[in-house]
Amino acid sequence: MCKRSAMIGAIILIALALVAPAVQAQDYRFNLEENRVHLYINHDGTVRIVYDLTFACDRGAHPIDVVDVGLPNNTYRLGEIRASIAGVRLTDISDSPYVKPGVAVGLGSHAIGPGQTGTLHIEAIVRNLIYQDSKDAEYASLEFAPTWFDGDFVHGTTRLEVNFHFPPGVTAEEPRYHKQEFTVAGFEDDRVVYTWIKEDASGSQKYVYGASFPKKYLAEGVVQKAPAFNINLEALCSSPICWFLLFGGGWAFLAIMGSWSQKRRKIQYLPPSLAVEGTGVKRGLTAVEAAVLLEAPLNKVLTMILFGLVKKGIVTVESEKPLRVRAVDPLPQGIRLWPYEHRFLQAIGDNGELIEGKLREMAVDLIGDVNKKLTGFNRKETREYYKDIAARAWQQVEAAGTPELLGQRWGEGLEWTMLDEDWEGHTRRVFHDRPVVVPSWWWGYRPWADQVGPATAPAPRPTPSGAGVPVTLPTLPGANFANTVVSGIERAANRVVSNIESFTDRVTQTTNPPPKPSSSSSRSGGYSCACACACAGCACACAGGGR
Amino acid sequence: MPFLDRVKSWFEPHRPLAPGIYHYQTPPDAPQQFRLHLRVEKDGRGVLLINAARVLHLNQTATEHAALILQGKRTDEAVREIARRYNVSRATAQADFESLRETIWQIAQAGEEVCPVTYLEIEQIEPLSAELSAPYRMDLALTYRCQNDCPHCYVGRPRDFPELSTGQWKQVIDRCWELGIPHLTFTGGEATLRPDLVELVRYAEDVGLVTGLQTNGRRLRDRAYLDELLLAGLDHIQITLESHDEAVHDRMVGVTGAWRETVEGIKTVVNADVYMMTNTTLTTANVDGIEETIAFVASLGVPTFGCNSLIYSGAAVAVGQGIAEGDLAPILERVKEATARHHLRLIWYTPTQYCELDPVGMELGVKGCTAAHYNMCVEPNGDVIPCQSYYVALGNILTDPWEAIWEHELARYLRRRDFMMEKCYHCPDQILCGGGCPLYNQYHGGPTPTI
């Protein structure tokens, strides 16, 4: 009897243990203030889904750094997904490991911090979403449930707005809603729009909306046929009913409950994340410094410095082969030179040729300075920022409406446009069918050169800004000028150092040496330094100092 | 574990890691030395400190992985543990564990040359935005006694302030460790006047803490004494030097002959195997010769030059030698140029209003008040104050619950930046700037907490 009671007791205990409630991780906690979605139903059967999800992260909660958004099916393509927050494009988009089908959008440095609110904008294109209407052979049907979130993370009420934009051509009286009548109907961009609004929705609940419309507004063959049986095998296999049917009896029930409760006891797993305090984009770099950041070839960097000095009227190029330059002496007043420009001038030998050893030292210092300036800033975002600046510099040039403006803008933005990896091709394309008034400083680069093409005036001599007599600058066919510019700068880049590979190697041996083992005493942890970390936000601001 | 408790544990759901601290130190023969401290917060998130200088914020899952990494668990052991407690496949757990371990090791081994934000594309968060349960560093003001008598001294207490015993200081050290504070600095007054300093350093190091010393350096000219401190495990030293000019320094510290002893102390420390730096308070008394001071510091072999503006506390309030924030920029440009010329690392300490002096724009780093947030101070009697210069006690570390101290109204006032000037309320740079130093603001007519 005792033995039997003990066994029964053990079984009960085991059964109870299997159904013990779980604690869910409370890492994330937020209110989904608004879930607004637009569905654009297209003629080709695709549906463009546009979400604007407004999250309010709870104080004391984990910042919202990744959002998993459910999508109706797997027909989306990651490359077509667009996401942004506060107007900043997000690129960390992948298939969600937790919401299937769905995507995970990493917010990166735009994570919504505790106490903050942010709106995530996502666009996706899905296919095979439109089915044959079951009641009218001439109609197609679309049902959609906006994405929702785990009740352990989201709380409060949500303003839910769902908009169906029917295909172009659908008239106002043709669509038919399913079950739930729309809140308002209207037109937008000549399309009928049905809008459902629920002010007190729950962010963790599934709401389904549907409508039908004439399928004549869709391309042939895009309407999906409804399956004879709508069986969700995955759900079925994880359903207790399936197991019960297979195994029968109370043991199946215990197995089900055991599996469920084991899972419930475990903590919700989110991808591990690390974060460092930092300050985003490093602004204020010069074009040359940006080129270093973008890892432009060193000969290009040196050429940019050379042309910067030519533009400032500090240097003229006396010959191309070999490359010989001459600096004005004394330096004109009122012109600011960057440290690397000073070092470049110091690298000009007595015969006008550039001393490679000094150029190498300049390059090493320049790279070191750029790295120091970037400490605490996001290198990736900063690179994107300067690539964007280079693109805008080209836009400025391309938008120039007159030959004078074209030459002026090209000259002003030269170093920035040179950040473009396809600078040569871009230059030829911009100039090929446009006349250009060549900026005066260009002759500082090639003062010995013959006229490139038909000109309206003799070539002017370069003069420092503010000095000299105004001259009429020649207008040249853009294609000729482009060829001269591209080939000229290419030649300069090829001749600024004798062998760019060995020059680069010797620079990087200094800037990127192999790590040296650190020394340490037998007891101390070696390197540590209260108040010695100058990184952004480190735990030492205003500490230790002040004696 | 009693049987009943064991049975109960079968019913209990898995919970995140309990709050606490994990510590890892590389073996003495490792080619690269570093120390890791992982503090687990109440909600399971973590803060990983590398060499007590670099801070990584971890979510709950990363904290769990990091704890296993710091405990030296093998991959299979770690995966088993993670899969047991979390709803995750073993494959995912393994991939995440290996990836995180590699990242942490990479950051730890790379040292300060590699900024994780800049180079490793680690996620970033706003500076000073992390919610913590305790500071990263506790300054232990062992005594307010001092051989010097600086007219600008910020210490706002009498020199005969009551002092804890050695045993009590050890309790303080234990308490700091329990709170997950991985880093202590011994300060004062002048900490080297305490005969038990070596013992306390050794005790703290044995517990697992990183230790530093802020000193006038006079006693460190005694190599034998310095060696005792280093053998006890002291990790870093900061010595105050106000000027290259003996007369200026002695005037600023109020003692004739102090400069010679301090310089001897600097030379002795430079020759020892320990991280060291000097610090200079920029005032009207020494700023004219700052380039020469920097050159002098470099000539002594010091690798890092630290400086700060006057701290408006104690005697400094009335000394009349402070430099207004708006006048600091050209001075700091000179300091930057001089330190660059002498290949010194520069650390600027003082949080300022960015509209007056923008340290980010000047490439000095983000500087904001970290009092009662990233650092706090224990006074000689065990009272906890928001920082070394803010003389309002929040409670006693030995007798009061930590939550009461950390959540003291003044502590929250400082973390909320309620000391901001009115002009800051609508400033777009408010979050990054933080409103400057509350003591500076108070002195210049800004808010004073009514607590």
# chains A, B, ... in the order shown; residues from 1 in each chain; ligands from 1
call {"tool": "residues_around", "arguments": {"residues": "Pro97 in chain A", "least_positions_apart": "5", "cutoff": "10 Å", "atoms": "only C-alpha atoms", "output": "list of chain:residue names"}}
result
A:Asp68, A:Gly102, A:Val103, A:Ala104, A:Leu270, A:Pro271, B:Thr92
call {"tool": "write_last_selection", "arguments": {"atoms": "N, CA and C atoms", "output": "PDB file, in the first residue's frame"}}
result
ATOM      1  N   ASP A  68      10.466  42.133 -34.493  1.00  0.00           N
ATOM      2  CA  ASP A  68      10.054  41.026 -35.357  1.00  0.00           C
ATOM      3  C   ASP A  68       8.665  41.329 -35.886  1.00  0.00           C
ATOM      4  N   GLY A 102       8.123  35.923 -41.214  1.00  0.00           N
ATOM      5  CA  GLY A 102       8.306  37.295 -40.751  1.00  0.00           C
ATOM      6  C   GLY A 102       9.761  37.686 -40.811  1.00  0.00           C
ATOM      7  N   VAL A 103      10.013  38.950 -40.555  1.00  0.00           N
ATOM      8  CA  VAL A 103      11.373  39.463 -40.611  1.00  0.00           C
ATOM      9  C   VAL A 103      11.728  40.108 -39.285  1.00  0.00           C
ATOM     10  N   ALA A 104      13.014  40.138 -39.033  1.00  0.00           N
ATOM     11  CA  ALA A 104      13.543  40.826 -37.859  1.00  0.00           C
ATOM     12  C   ALA A 104      14.284  42.060 -38.353  1.00  0.00           C
ATOM     13  N   LEU A 270      16.162  35.523 -26.403  1.00  0.00           N
ATOM     14  CA  LEU A 270      16.332  36.542 -27.438  1.00  0.00           C
ATOM     15  C   LEU A 270      17.791  36.525 -27.847  1.00  0.00           C
ATOM     16  N   PRO A 271      18.085  36.916 -29.058  1.00  0.00           N
ATOM     17  CA  PRO A 271      19.487  36.889 -29.497  1.00  0.00           C
ATOM     18  C   PRO A 271      20.335  37.734 -28.558  1.00  0.00           C
TER      19      PRO A 271
ATOM     20  N   THR B  92      21.519  26.981 -32.066  1.00  0.00           N
ATOM     21  CA  THR B  92      21.514  28.439 -31.916  1.00  0.00           C
ATOM     22  C   THR B  92      22.318  28.849 -30.694  1.00  0.00           C
TER      23      THR B  92
END
call {"tool": "residues_around", "arguments": {"residues": "Leu346 in chain B", "least_positions_apart": "5", "cutoff": "7 Å", "atoms": "only C-alpha atoms", "output": "PyMOL selection string"}}
result
chain B and resi 304-306+339
call {"tool": "write_last_selection", "arguments": {"atoms": "C-alpha atoms", "output": "PDB file, in the first residue's frame"}}
result
ATOM      1  CA  THR B 304      49.245  60.400 -20.174  1.00  0.00           C
ATOM      2  CA  PHE B 305      48.443  63.967 -19.205  1.00  0.00           C
ATOM      3  CA  GLY B 306      45.141  64.513 -17.443  1.00  0.00           C
ATOM      4  CA  THR B 339      50.233  66.970 -25.816  1.00  0.00           C
TER       5      THR B 339
END
call {"tool": "closest_atom_pairs", "arguments": {"of": "range 168-198 of chain B", "to": "range 30-54 of chain B", "cutoff": "7 Å", "atoms": "only C-alpha atoms", "output": "CSV"}}
result
residue,atom,partner,partner_atom,distance
B:Gly180,CA,B:Arg39,CA,5.2
B:Pro182,CA,B:His37,CA,6.3
B:His183,CA,B:Ala52,CA,6.1
call {"tool": "select_by_dssp", "arguments": {"residues": "range 199-429 of chain A", "states": "helix (DSSP H, G or I)", "output": "number ranges by chain"}}
result
A: 215-217, 233-237, 240-247, 249-265, 287-293, 298-311, 339-346, 356-374, 379-398, 403-412, 414-417, 423-429
call {"tool": "write_last_selection", "arguments": {"atoms": "C-alpha atoms", "output": "tab-separated table (two decimals), in the first residue's frame"}}
result
chain	number	residue	atom	x	y	z
A	215	LYS	CA	-10.78	40.04	-60.13
A	216	LYS	CA	-10.94	41.63	-63.57
A	217	TYR	CA	-8.65	44.33	-62.18
A	233	LEU	CA	0.20	20.58	-40.87
A	234	GLU	CA	2.60	22.39	-38.54
A	235	ALA	CA	-0.19	23.46	-36.22
A	236	LEU	CA	-1.75	20.03	-36.41
A	237	CYS	CA	1.43	18.27	-35.45
A	240	PRO	CA	-2.57	18.25	-28.43
A	241	ILE	CA	-5.41	16.69	-30.37
A	242	CYS	CA	-3.01	15.12	-32.83
A	243	TRP	CA	-0.95	13.54	-30.09
A	244	PHE	CA	-4.05	12.42	-28.30
A	245	LEU	CA	-5.34	10.74	-31.42
A	246	LEU	CA	-2.02	9.07	-32.01
A	247	PHE	CA	-1.30	7.80	-28.57
A	249	GLY	CA	-5.35	8.14	-23.21
A	250	GLY	CA	-4.14	10.03	-20.23
A	251	TRP	CA	-0.48	9.43	-21.01
A	252	ALA	CA	-0.88	11.48	-24.16
A	253	PHE	CA	-2.45	14.19	-22.12
A	254	LEU	CA	0.45	14.14	-19.68
A	255	ALA	CA	2.94	14.14	-22.51
A	256	ILE	CA	1.23	17.15	-24.05
A	257	MET	CA	1.02	19.01	-20.82
A	258	GLY	CA	4.57	18.06	-19.96
A	259	SER	CA	5.92	19.34	-23.23
A	260	TRP	CA	3.93	22.52	-22.97
A	261	SER	CA	4.88	23.22	-19.42
A	262	GLN	CA	8.56	22.39	-19.95
A	263	LYS	CA	8.54	24.97	-22.63
A	264	ARG	CA	6.65	27.39	-20.46
A	265	ARG	CA	9.12	26.98	-17.63
A	287	ALA	CA	37.45	65.12	-47.69
A	288	VAL	CA	40.98	63.79	-47.31
A	289	GLU	CA	40.20	62.42	-43.86
A	290	ALA	CA	37.00	60.91	-45.21
A	291	ALA	CA	39.03	59.26	-47.94
A	292	VAL	CA	41.22	57.66	-45.28
A	293	LEU	CA	38.12	56.49	-43.47
A	298	LEU	CA	46.85	56.01	-50.60
A	299	ASN	CA	47.93	57.44	-53.96
A	300	LYS	CA	44.42	58.79	-54.38
A	301	VAL	CA	44.60	60.33	-50.90
A	302	LEU	CA	47.92	61.96	-51.73
A	303	THR	CA	46.53	63.21	-55.02
A	304	MET	CA	43.58	64.73	-53.20
A	305	ILE	CA	45.96	66.56	-50.91
A	306	LEU	CA	47.97	67.76	-53.91
A	307	PHE	CA	44.89	69.08	-55.68
A	308	GLY	CA	43.65	70.68	-52.51
A	309	LEU	CA	46.88	72.64	-52.35
A	310	VAL	CA	46.68	73.49	-56.05
A	311	LYS	CA	43.18	74.84	-55.52
A	339	PRO	CA	48.23	69.45	-40.60
A	340	TYR	CA	48.55	66.89	-43.39
A	341	GLU	CA	48.88	69.71	-45.93
A	342	HIS	CA	51.71	71.22	-43.92
A	343	ARG	CA	53.40	67.80	-43.85
A	344	PHE	CA	52.85	67.41	-47.60
A	345	LEU	CA	54.59	70.71	-48.26
A	346	GLN	CA	57.48	69.55	-46.11
A	356	GLU	CA	58.57	59.44	-50.25
A	357	GLY	CA	59.86	58.98	-46.74
A	358	LYS	CA	58.24	62.20	-45.65
A	359	LEU	CA	55.08	61.38	-47.53
A	360	ARG	CA	55.00	58.08	-45.69
A	361	GLU	CA	55.34	59.81	-42.31
A	362	MET	CA	52.58	62.19	-43.30
A	363	ALA	CA	50.34	59.27	-44.28
A	364	VAL	CA	51.00	57.46	-41.02
A	365	ASP	CA	50.16	60.56	-39.00
A	366	LEU	CA	47.08	61.23	-41.10
A	367	ILE	CA	45.74	57.72	-40.57
A	368	GLY	CA	46.47	57.94	-36.85
A	369	ASP	CA	44.71	61.28	-36.58
A	370	VAL	CA	41.64	60.00	-38.38
A	371	ASN	CA	41.48	56.95	-36.14
A	372	LYS	CA	41.73	59.14	-33.06
A	373	LYS	CA	38.99	61.41	-34.33
A	374	LEU	CA	36.74	58.40	-34.83
A	379	ARG	CA	32.64	53.88	-38.09
A	380	LYS	CA	30.09	52.21	-40.29
A	381	GLU	CA	27.54	54.98	-40.00
A	382	THR	CA	30.25	57.56	-40.50
A	383	ARG	CA	31.40	55.89	-43.70
A	384	GLU	CA	27.84	55.91	-45.00
A	385	TYR	CA	27.53	59.56	-44.05
A	386	TYR	CA	30.56	60.55	-46.12
A	387	LYS	CA	29.56	58.38	-49.04
A	388	ASP	CA	26.31	60.30	-48.97
A	389	ILE	CA	28.23	63.58	-48.96
A	390	ALA	CA	30.19	62.44	-52.00
A	391	ALA	CA	26.96	61.54	-53.77
A	392	ARG	CA	25.51	64.95	-52.96
A	393	ALA	CA	28.62	66.68	-54.20
A	394	TRP	CA	28.05	65.02	-57.56
A	395	GLN	CA	24.40	66.02	-57.49
A	396	GLN	CA	25.44	69.62	-56.98
A	397	VAL	CA	27.77	69.41	-59.97
A	398	GLU	CA	25.21	67.69	-62.17
A	403	PRO	CA	29.10	76.24	-67.87
A	404	GLU	CA	30.37	78.72	-65.31
A	405	LEU	CA	28.47	77.10	-62.50
A	406	LEU	CA	29.50	73.66	-63.69
A	407	GLY	CA	33.15	74.56	-63.54
A	408	GLN	CA	32.76	76.33	-60.24
A	409	ARG	CA	30.90	73.52	-58.52
A	410	TRP	CA	33.15	70.89	-59.97
A	411	GLY	CA	36.16	72.70	-58.63
A	412	GLU	CA	34.67	73.36	-55.22
A	414	LEU	CA	36.48	68.06	-56.43
A	415	GLU	CA	37.89	66.41	-53.33
A	416	TRP	CA	34.44	65.24	-52.26
A	417	THR	CA	33.58	63.85	-55.67
A	423	TRP	CA	35.13	59.05	-60.07
A	424	GLU	CA	36.66	58.68	-63.54
A	425	GLY	CA	33.52	57.25	-65.11
A	426	HIS	CA	31.29	59.69	-63.34
A	427	THR	CA	33.39	62.63	-64.47
A	428	ARG	CA	33.23	61.56	-68.09
A	429	ARG	CA	29.47	61.08	-67.90
call {"tool": "atom_distance", "arguments": {"atom1": "CA of Ala400 in chain A", "atom2": "CA of Val437 in chain A"}}
result
11.6 Å
call {"tool": "closest_residue", "arguments": {"among": "A:Lys266, A:His432, A:His43, A:Arg491", "to": "Glu220 in chain A", "atoms": "only C-alpha atoms"}}
result
A:His43
call {"tool": "select_by_dssp", "arguments": {"residues": "range 204-444 of chain B", "states": "strand (DSSP E or B)", "output": "ChimeraX atom specification"}}
result
/B:210-215,236-240,275-282,304-309,345-348,371,375-378,383-385,395-396
call {"tool": "write_last_selection", "arguments": {"atoms": "C-alpha atoms", "output": "PDB file, in the first residue's frame"}}
result
ATOM      1  CA  VAL B 210      40.699  46.590  -9.867  1.00  0.00           C
ATOM      2  CA  THR B 211      42.408  49.200  -7.713  1.00  0.00           C
ATOM      3  CA  GLY B 212      43.863  52.610  -8.329  1.00  0.00           C
ATOM      4  CA  LEU B 213      45.445  55.358  -6.306  1.00  0.00           C
ATOM      5  CA  GLN B 214      45.004  59.112  -6.587  1.00  0.00           C
ATOM      6  CA  THR B 215      47.793  60.851  -4.774  1.00  0.00           C
ATOM      7  CA  HIS B 236      47.080  52.304 -11.666  1.00  0.00           C
ATOM      8  CA  ILE B 237      48.287  55.543 -10.148  1.00  0.00           C
ATOM      9  CA  GLN B 238      47.412  59.160 -10.808  1.00  0.00           C
ATOM     10  CA  ILE B 239      49.666  61.860  -9.414  1.00  0.00           C
ATOM     11  CA  THR B 240      48.743  65.526  -9.201  1.00  0.00           C
ATOM     12  CA  TYR B 275      50.002  52.310 -15.473  1.00  0.00           C
ATOM     13  CA  MET B 276      50.364  55.923 -14.381  1.00  0.00           C
ATOM     14  CA  MET B 277      49.390  59.419 -15.355  1.00  0.00           C
ATOM     15  CA  THR B 278      49.532  62.913 -13.964  1.00  0.00           C
ATOM     16  CA  ASN B 279      46.690  65.318 -13.433  1.00  0.00           C
ATOM     17  CA  THR B 280      46.678  69.099 -13.454  1.00  0.00           C
ATOM     18  CA  THR B 281      43.922  71.448 -12.374  1.00  0.00           C
ATOM     19  CA  LEU B 282      43.781  74.315 -14.819  1.00  0.00           C
ATOM     20  CA  THR B 304      49.245  60.400 -20.174  1.00  0.00           C
ATOM     21  CA  PHE B 305      48.443  63.967 -19.205  1.00  0.00           C
ATOM     22  CA  GLY B 306      45.141  64.513 -17.443  1.00  0.00           C
ATOM     23  CA  CYS B 307      43.627  67.859 -16.655  1.00  0.00           C
ATOM     24  CA  ASN B 308      40.458  69.371 -15.375  1.00  0.00           C
ATOM     25  CA  SER B 309      38.956  72.686 -14.559  1.00  0.00           C
ATOM     26  CA  ARG B 345      47.739  60.901 -24.431  1.00  0.00           C
ATOM     27  CA  LEU B 346      45.373  63.611 -23.221  1.00  0.00           C
ATOM     28  CA  ILE B 347      42.456  63.069 -20.875  1.00  0.00           C
ATOM     29  CA  TRP B 348      40.152  65.958 -20.166  1.00  0.00           C
ATOM     30  CA  ALA B 371      28.022  61.474 -10.067  1.00  0.00           C
ATOM     31  CA  ASN B 375      31.015  56.722  -9.903  1.00  0.00           C
ATOM     32  CA  MET B 376      30.433  57.570  -6.257  1.00  0.00           C
ATOM     33  CA  CYS B 377      32.617  58.137  -3.227  1.00  0.00           C
ATOM     34  CA  VAL B 378      32.794  56.701   0.286  1.00  0.00           C
ATOM     35  CA  ASP B 383      29.131  57.878   4.258  1.00  0.00           C
ATOM     36  CA  VAL B 384      28.461  57.705   0.552  1.00  0.00           C
ATOM     37  CA  ILE B 385      28.479  60.947  -1.412  1.00  0.00           C
ATOM     38  CA  GLY B 395      23.661  57.274   3.556  1.00  0.00           C
ATOM     39  CA  ASN B 396      26.300  55.080   5.134  1.00  0.00           C
TER      40      ASN B 396
END
call {"tool": "atom_distance", "arguments": {"atom1": "CA of Pro72 in chain A", "atom2": "CA of Ala56 in chain A"}}
result
25.0 Å
